[in-house]
file start-v9.cif (mmCIF, N, CA, C and O atoms)
data_structure
loop_
_atom_site.group_PDB
_atom_site.id
_atom_site.type_symbol
_atom_site.label_atom_id
_atom_site.label_comp_id
_atom_site.auth_asym_id
_atom_site.auth_seq_id
_atom_site.Cartn_x
_atom_site.Cartn_y
_atom_site.Cartn_z
ATOM 1 N N MET A 359 10.789 53.822 74.008
ATOM 2 C CA MET A 359 9.783 52.826 73.806
ATOM 3 C C MET A 359 10.190 51.594 74.615
ATOM 4 O O MET A 359 11.324 51.137 74.520
ATOM 5 N N PRO A 360 9.258 51.031 75.389
ATOM 6 C CA PRO A 360 9.577 49.834 76.176
ATOM 7 C C PRO A 360 9.924 48.641 75.280
ATOM 8 O O PRO A 360 9.339 48.455 74.217
ATOM 9 N N THR A 361 10.861 47.862 75.738
ATOM 10 C CA THR A 361 11.266 46.659 75.006
ATOM 11 C C THR A 361 10.346 45.496 75.382
ATOM 12 O O THR A 361 9.620 45.579 76.379
ATOM 13 N N PRO A 362 10.376 44.407 74.619
ATOM 14 C CA PRO A 362 9.612 43.229 75.017
ATOM 15 C C PRO A 362 9.996 42.756 76.425
ATOM 16 O O PRO A 362 9.132 42.334 77.198
ATOM 17 N N GLN A 363 11.282 42.865 76.740
ATOM 18 C CA GLN A 363 11.750 42.467 78.065
ATOM 19 C C GLN A 363 11.077 43.317 79.136
ATOM 20 O O GLN A 363 10.665 42.818 80.178
ATOM 21 N N ALA A 364 10.947 44.617 78.889
ATOM 22 C CA ALA A 364 10.302 45.518 79.842
ATOM 23 C C ALA A 364 8.831 45.164 80.041
ATOM 24 O O ALA A 364 8.255 45.470 81.081
ATOM 25 N N HIS A 365 8.233 44.516 79.059
ATOM 26 C CA HIS A 365 6.842 44.083 79.157
ATOM 27 C C HIS A 365 6.720 42.702 79.798
ATOM 28 O O HIS A 365 5.627 42.132 79.845
ATOM 29 N N GLY A 366 7.846 42.148 80.258
ATOM 30 C CA GLY A 366 7.814 40.876 80.963
ATOM 31 C C GLY A 366 7.896 39.643 80.086
ATOM 32 O O GLY A 366 7.652 38.536 80.553
ATOM 33 N N ILE A 367 8.245 39.812 78.819
ATOM 34 C CA ILE A 367 8.380 38.661 77.922
ATOM 35 C C ILE A 367 9.728 38.006 78.193
ATOM 36 O O ILE A 367 10.773 38.651 78.132
ATOM 37 N N ASP A 368 9.686 36.739 78.497
ATOM 38 C CA ASP A 368 10.875 35.973 78.851
ATOM 39 C C ASP A 368 11.847 35.872 77.673
ATOM 40 O O ASP A 368 11.431 35.669 76.526
ATOM 41 N N ASN A 369 13.125 36.016 77.963
ATOM 42 C CA ASN A 369 14.190 35.942 76.960
ATOM 43 C C ASN A 369 14.121 34.629 76.177
ATOM 44 O O ASN A 369 14.170 34.631 74.942
ATOM 45 N N ASP A 370 14.018 33.504 76.875
ATOM 46 C CA ASP A 370 13.988 32.210 76.184
ATOM 47 C C ASP A 370 12.770 32.089 75.278
ATOM 48 O O ASP A 370 12.875 31.585 74.153
ATOM 49 N N ASP A 371 11.617 32.558 75.749
ATOM 50 C CA ASP A 371 10.403 32.512 74.924
ATOM 51 C C ASP A 371 10.555 33.378 73.686
ATOM 52 O O ASP A 371 10.186 32.976 72.583
ATOM 53 N N TRP A 372 11.099 34.589 73.875
ATOM 54 C CA TRP A 372 11.267 35.519 72.748
ATOM 55 C C TRP A 372 12.133 34.906 71.651
ATOM 56 O O TRP A 372 11.761 34.900 70.480
ATOM 57 N N PHE A 373 13.288 34.362 72.053
ATOM 58 C CA PHE A 373 14.209 33.834 71.053
ATOM 59 C C PHE A 373 13.763 32.479 70.505
ATOM 60 O O PHE A 373 14.081 32.144 69.366
ATOM 61 N N ARG A 374 12.980 31.749 71.258
ATOM 62 C CA ARG A 374 12.433 30.491 70.755
ATOM 63 C C ARG A 374 11.369 30.767 69.698
ATOM 64 O O ARG A 374 11.259 30.062 68.695
ATOM 65 N N LEU A 375 10.595 31.816 69.907
ATOM 66 C CA LEU A 375 9.491 32.120 68.998
ATOM 67 C C LEU A 375 9.859 33.103 67.880
ATOM 68 O O LEU A 375 9.078 33.275 66.944
ATOM 69 N N SER A 376 11.023 33.726 67.956
ATOM 70 C CA SER A 376 11.368 34.728 66.943
ATOM 71 C C SER A 376 11.430 34.168 65.518
ATOM 72 O O SER A 376 11.036 34.886 64.589
ATOM 73 N N PRO A 377 11.879 32.926 65.291
ATOM 74 C CA PRO A 377 11.819 32.420 63.908
ATOM 75 C C PRO A 377 10.382 32.353 63.384
ATOM 76 O O PRO A 377 10.119 32.730 62.232
ATOM 77 N N LEU A 378 9.454 31.916 64.228
ATOM 78 C CA LEU A 378 8.047 31.860 63.820
ATOM 79 C C LEU A 378 7.499 33.266 63.589
ATOM 80 O O LEU A 378 6.810 33.512 62.598
ATOM 81 N N MET A 379 7.825 34.192 64.492
ATOM 82 C CA MET A 379 7.354 35.570 64.331
ATOM 83 C C MET A 379 7.887 36.170 63.035
ATOM 84 O O MET A 379 7.148 36.870 62.324
ATOM 85 N N ALA A 380 9.150 35.897 62.709
ATOM 86 C CA ALA A 380 9.740 36.426 61.483
ATOM 87 C C ALA A 380 9.058 35.839 60.245
ATOM 88 O O ALA A 380 8.773 36.570 59.289
ATOM 89 N N GLU A 381 8.798 34.549 60.274
ATOM 90 C CA GLU A 381 8.096 33.903 59.151
ATOM 91 C C GLU A 381 6.706 34.507 58.972
ATOM 92 O O GLU A 381 6.279 34.785 57.859
ATOM 93 N N GLN A 382 6.003 34.698 60.081
ATOM 94 C CA GLN A 382 4.660 35.259 60.009
ATOM 95 C C GLN A 382 4.674 36.705 59.529
ATOM 96 O O GLN A 382 3.804 37.118 58.759
ATOM 97 N N ALA A 383 5.658 37.467 59.991
ATOM 98 C CA ALA A 383 5.774 38.858 59.542
ATOM 99 C C ALA A 383 6.028 38.915 58.040
ATOM 100 O O ALA A 383 5.404 39.713 57.325
ATOM 101 N N PHE A 384 6.915 38.063 57.570
ATOM 102 C CA PHE A 384 7.228 38.043 56.142
ATOM 103 C C PHE A 384 6.001 37.619 55.335
ATOM 104 O O PHE A 384 5.678 38.225 54.307
ATOM 105 N N ALA A 385 5.302 36.599 55.812
ATOM 106 C CA ALA A 385 4.126 36.085 55.105
ATOM 107 C C ALA A 385 2.973 37.088 55.087
ATOM 108 O O ALA A 385 2.114 37.029 54.200
ATOM 109 N N SER A 386 2.961 38.025 56.025
ATOM 110 C CA SER A 386 1.880 39.004 56.088
ATOM 111 C C SER A 386 1.876 39.942 54.882
ATOM 112 O O SER A 386 0.860 40.559 54.587
ATOM 113 N N GLY A 387 3.011 40.057 54.236
ATOM 114 C CA GLY A 387 3.126 40.956 53.093
ATOM 115 C C GLY A 387 3.545 42.362 53.468
ATOM 116 O O GLY A 387 3.906 43.159 52.607
ATOM 117 N N SER A 388 3.509 42.700 54.744
ATOM 118 C CA SER A 388 3.865 44.052 55.177
ATOM 119 C C SER A 388 5.293 44.455 54.831
ATOM 120 O O SER A 388 5.528 45.625 54.503
ATOM 121 N N PRO A 389 6.264 43.542 54.888
ATOM 122 C CA PRO A 389 7.621 43.955 54.526
ATOM 123 C C PRO A 389 7.729 44.502 53.101
ATOM 124 O O PRO A 389 8.600 45.308 52.809
ATOM 125 N N ALA A 390 6.820 44.098 52.228
ATOM 126 C CA ALA A 390 6.857 44.571 50.841
ATOM 127 C C ALA A 390 6.537 46.065 50.741
ATOM 128 O O ALA A 390 6.755 46.674 49.692
ATOM 129 N N ASN A 391 6.042 46.657 51.834
ATOM 130 C CA ASN A 391 5.728 48.085 51.835
ATOM 131 C C ASN A 391 6.959 48.957 52.077
ATOM 132 O O ASN A 391 6.844 50.173 52.111
ATOM 133 N N ASN A 392 8.100 48.336 52.277
ATOM 134 C CA ASN A 392 9.339 49.063 52.537
ATOM 135 C C ASN A 392 10.157 49.208 51.254
ATOM 136 O O ASN A 392 10.054 48.376 50.354
ATOM 137 N N PRO A 393 10.980 50.252 51.186
ATOM 138 C CA PRO A 393 11.824 50.429 49.992
ATOM 139 C C PRO A 393 12.764 49.247 49.764
ATOM 140 O O PRO A 393 13.050 48.889 48.628
ATOM 141 N N VAL A 394 13.250 48.646 50.847
ATOM 142 C CA VAL A 394 14.095 47.462 50.755
ATOM 143 C C VAL A 394 13.374 46.352 51.517
ATOM 144 O O VAL A 394 13.118 46.473 52.712
ATOM 145 N N VAL A 395 13.030 45.291 50.813
ATOM 146 C CA VAL A 395 12.280 44.199 51.440
ATOM 147 C C VAL A 395 13.255 43.303 52.208
ATOM 148 O O VAL A 395 14.182 42.743 51.615
ATOM 149 N N PRO A 396 13.055 43.190 53.530
ATOM 150 C CA PRO A 396 13.959 42.361 54.320
ATOM 151 C C PRO A 396 13.686 40.878 54.109
ATOM 152 O O PRO A 396 12.567 40.475 53.780
ATOM 153 N N THR A 397 14.703 40.085 54.334
ATOM 154 C CA THR A 397 14.536 38.632 54.314
ATOM 155 C C THR A 397 14.017 38.188 55.681
ATOM 156 O O THR A 397 14.026 38.967 56.647
ATOM 157 N N VAL A 398 13.610 36.948 55.774
ATOM 158 C CA VAL A 398 13.174 36.402 57.059
ATOM 159 C C VAL A 398 14.317 36.469 58.073
ATOM 160 O O VAL A 398 14.099 36.832 59.235
ATOM 161 N N ASP A 399 15.523 36.167 57.639
ATOM 162 C CA ASP A 399 16.679 36.238 58.545
ATOM 163 C C ASP A 399 16.914 37.663 59.041
ATOM 164 O O ASP A 399 17.243 37.873 60.208
ATOM 165 N N GLU A 400 16.749 38.636 58.167
ATOM 166 C CA GLU A 400 16.926 40.033 58.575
ATOM 167 C C GLU A 400 15.852 40.463 59.568
ATOM 168 O O GLU A 400 16.129 41.204 60.515
ATOM 169 N N ILE A 401 14.637 39.994 59.370
ATOM 170 C CA ILE A 401 13.558 40.292 60.320
ATOM 171 C C ILE A 401 13.887 39.667 61.670
ATOM 172 O O ILE A 401 13.733 40.307 62.715
ATOM 173 N N GLN A 402 14.360 38.451 61.649
ATOM 174 C CA GLN A 402 14.726 37.777 62.891
ATOM 175 C C GLN A 402 15.864 38.523 63.599
ATOM 176 O O GLN A 402 15.839 38.664 64.826
ATOM 177 N N ASP A 403 16.819 39.033 62.851
ATOM 178 C CA ASP A 403 17.900 39.837 63.436
ATOM 179 C C ASP A 403 17.346 41.101 64.092
ATOM 180 O O ASP A 403 17.800 41.509 65.169
ATOM 181 N N LEU A 404 16.366 41.724 63.445
ATOM 182 C CA LEU A 404 15.734 42.901 64.043
ATOM 183 C C LEU A 404 15.049 42.545 65.362
ATOM 184 O O LEU A 404 15.135 43.295 66.333
ATOM 185 N N TYR A 405 14.374 41.415 65.393
ATOM 186 C CA TYR A 405 13.723 40.984 66.636
ATOM 187 C C TYR A 405 14.748 40.779 67.738
ATOM 188 O O TYR A 405 14.504 41.112 68.893
ATOM 189 N N ALA A 406 15.911 40.249 67.393
ATOM 190 C CA ALA A 406 16.964 40.057 68.394
ATOM 191 C C ALA A 406 17.430 41.405 68.938
ATOM 192 O O ALA A 406 17.652 41.555 70.143
ATOM 193 N N GLN A 407 17.546 42.388 68.070
ATOM 194 C CA GLN A 407 17.967 43.723 68.504
ATOM 195 C C GLN A 407 16.890 44.407 69.354
ATOM 196 O O GLN A 407 17.206 45.128 70.293
ATOM 197 N N ILE A 408 15.649 44.170 69.012
ATOM 198 C CA ILE A 408 14.537 44.792 69.731
ATOM 199 C C ILE A 408 14.475 44.307 71.175
ATOM 200 O O ILE A 408 14.177 45.091 72.072
ATOM 201 N N TYR A 409 14.777 43.039 71.405
ATOM 202 C CA TYR A 409 14.649 42.497 72.755
ATOM 203 C C TYR A 409 15.618 43.141 73.719
ATOM 204 O O TYR A 409 15.301 43.347 74.884
ATOM 205 N N ALA A 410 16.790 43.496 73.244
ATOM 206 C CA ALA A 410 17.867 43.983 74.122
ATOM 207 C C ALA A 410 17.487 45.155 74.985
ATOM 208 O O ALA A 410 16.695 45.929 74.796
#

call {"tool": "encode", "arguments": {"input": "start-v9.cif", "output": "structure tokens"}}
result
Amino acid sequence: MPTPQAHGIDNDDWFRLSPLMAEQAFASGSPANNPVVPTVDEIQDLYAQIYA
């Protein structure tokens, strides 16, 4: 699966916006559909791993 970087998303933009993306993901309620509900920090960590 292509990474955000492969789609041309700038590293600085990705990491600058990842806190907002994590907050929005958490607020969407979708994380509650998982057996273990991640925290905002855990979602942000996942975004950091995804960019690599």

call {"tool": "resolve_selection", "arguments": {"input": "start-v9.cif", "expression": "the PyMOL selection byres ((chain A and resi 375-382) around 7)", "output": "PyMOL selection string"}}
result
chain A and resi 369-374+383-388+397-399+401-402+405

call {"tool": "resolve_selection", "arguments": {"input": "start-v9.cif", "expression": "the PyMOL selection byres ((chain A and resi 361) around 8)", "output": "list in words"}}
result
Met359, Pro360, Pro362, Gln363, Ala364, His365, Gly366, Ile367, Gln407, Ile408, Tyr409 and Ala410 of chain A

call {"tool": "select_by_dssp", "arguments": {"input": "start-v9.cif", "residues": "range 375-408 of chain A", "states": "helix (DSSP H, G or I)", "output": "number ranges by chain"}}
result
A: 375-385, 388-391, 398-408

call {"tool": "atom_distance", "arguments": {"input": "start-v9.cif", "atom1": "atom O of Asn391 in chain A", "atom2": "atom O of Leu404 in chain A"}}
result
17.8 Å

call {"tool": "atom_distance", "arguments": {"input": "start-v9.cif", "atom1": "atom O of Val394 in chain A", "atom2": "atom N of Ala406 in chain A"}}
result
16.2 Å

call {"tool": "atom_distance", "arguments": {"input": "start-v9.cif", "atom1": "atom N of Asp368 in chain A", "atom2": "atom O of Pro389 in chain A"}}
result
27.1 Å

call {"tool": "axis_aligned_box", "arguments": {"input": "start-v9.cif", "around": "range 386-400 of chain A", "padding_each_side": "8 Å", "output": "JSON"}}
result
{"center_x": 9.1, "center_y": 43.3, "center_z": 54.6, "size_x": 32.4, "size_y": 30.3, "size_z": 27.9}

call {"tool": "decode", "arguments": {"input": "start-v9.cif", "residues": "chain A", "atoms": "C-alpha atoms", "output": "PDB file, in the first residue's frame"}}
result
ATOM      1  CA  MET A 359       0.000   0.000   0.000  1.00  0.00           C
ATOM      2  CA  PRO A 360       1.449   3.414  -0.924  1.00  0.00           C
ATOM      3  CA  THR A 361       2.464   5.634   1.966  1.00  0.00           C
ATOM      4  CA  PRO A 362       1.431   9.281   2.324  1.00  0.00           C
ATOM      5  CA  GLN A 363       4.978  10.145   1.268  1.00  0.00           C
ATOM      6  CA  ALA A 364       4.516   8.122  -1.934  1.00  0.00           C
ATOM      7  CA  HIS A 365       1.427  10.233  -2.640  1.00  0.00           C
ATOM      8  CA  GLY A 366       3.542  13.393  -2.448  1.00  0.00           C
ATOM      9  CA  ILE A 367       2.488  14.572   1.013  1.00  0.00           C
ATOM     10  CA  ASP A 368       5.307  16.623   2.483  1.00  0.00           C
ATOM     11  CA  ASN A 369       6.955  15.298   5.660  1.00  0.00           C
ATOM     12  CA  ASP A 370       6.695  18.645   7.478  1.00  0.00           C
ATOM     13  CA  ASP A 371       3.017  19.032   6.555  1.00  0.00           C
ATOM     14  CA  TRP A 372       2.216  15.472   7.653  1.00  0.00           C
ATOM     15  CA  PHE A 373       3.823  15.836  11.067  1.00  0.00           C
ATOM     16  CA  ARG A 374       2.508  19.361  11.576  1.00  0.00           C
ATOM     17  CA  LEU A 375      -1.048  18.219  10.905  1.00  0.00           C
ATOM     18  CA  SER A 376      -0.913  14.785  12.559  1.00  0.00           C
ATOM     19  CA  PRO A 377      -2.048  16.084  15.989  1.00  0.00           C
ATOM     20  CA  LEU A 378      -5.137  17.608  14.349  1.00  0.00           C
ATOM     21  CA  MET A 379      -5.758  14.461  12.296  1.00  0.00           C
ATOM     22  CA  ALA A 380      -5.495  12.330  15.447  1.00  0.00           C
ATOM     23  CA  GLU A 381      -7.928  14.567  17.340  1.00  0.00           C
ATOM     24  CA  GLN A 382     -10.383  14.442  14.451  1.00  0.00           C
ATOM     25  CA  ALA A 383     -10.066  10.673  14.121  1.00  0.00           C
ATOM     26  CA  PHE A 384     -10.724  10.221  17.822  1.00  0.00           C
ATOM     27  CA  ALA A 385     -13.671  12.638  17.759  1.00  0.00           C
ATOM     28  CA  SER A 386     -15.225  10.763  14.826  1.00  0.00           C
ATOM     29  CA  GLY A 387     -16.080   7.886  17.132  1.00  0.00           C
ATOM     30  CA  SER A 388     -14.581   5.301  14.777  1.00  0.00           C
ATOM     31  CA  PRO A 389     -11.863   4.215  17.222  1.00  0.00           C
ATOM     32  CA  ALA A 390     -14.632   2.962  19.526  1.00  0.00           C
ATOM     33  CA  ASN A 391     -15.319   0.233  16.940  1.00  0.00           C
ATOM     34  CA  ASN A 392     -12.054  -1.490  17.868  1.00  0.00           C
ATOM     35  CA  PRO A 393     -11.585  -4.049  20.650  1.00  0.00           C
ATOM     36  CA  VAL A 394      -9.018  -1.716  22.237  1.00  0.00           C
ATOM     37  CA  VAL A 395      -9.816   1.982  21.923  1.00  0.00           C
ATOM     38  CA  PRO A 396      -6.640   3.932  21.145  1.00  0.00           C
ATOM     39  CA  THR A 397      -5.826   7.248  22.749  1.00  0.00           C
ATOM     40  CA  VAL A 398      -5.182  10.357  20.678  1.00  0.00           C
ATOM     41  CA  ASP A 399      -1.455   9.916  21.335  1.00  0.00           C
ATOM     42  CA  GLU A 400      -1.587   6.320  20.105  1.00  0.00           C
ATOM     43  CA  ILE A 401      -3.382   7.412  16.936  1.00  0.00           C
ATOM     44  CA  GLN A 402      -0.737  10.058  16.381  1.00  0.00           C
ATOM     45  CA  ASP A 403       1.981   7.407  16.833  1.00  0.00           C
ATOM     46  CA  LEU A 404       0.267   5.286  14.185  1.00  0.00           C
ATOM     47  CA  TYR A 405       0.264   8.242  11.797  1.00  0.00           C
ATOM     48  CA  ALA A 406       3.999   8.649  12.373  1.00  0.00           C
ATOM     49  CA  GLN A 407       4.545   4.988  11.507  1.00  0.00           C
ATOM     50  CA  ILE A 408       2.330   5.217   8.432  1.00  0.00           C
ATOM     51  CA  TYR A 409       4.345   8.053   6.909  1.00  0.00           C
ATOM     52  CA  ALA A 410       7.619   6.124   6.936  1.00  0.00           C
TER      53      ALA A 410
END
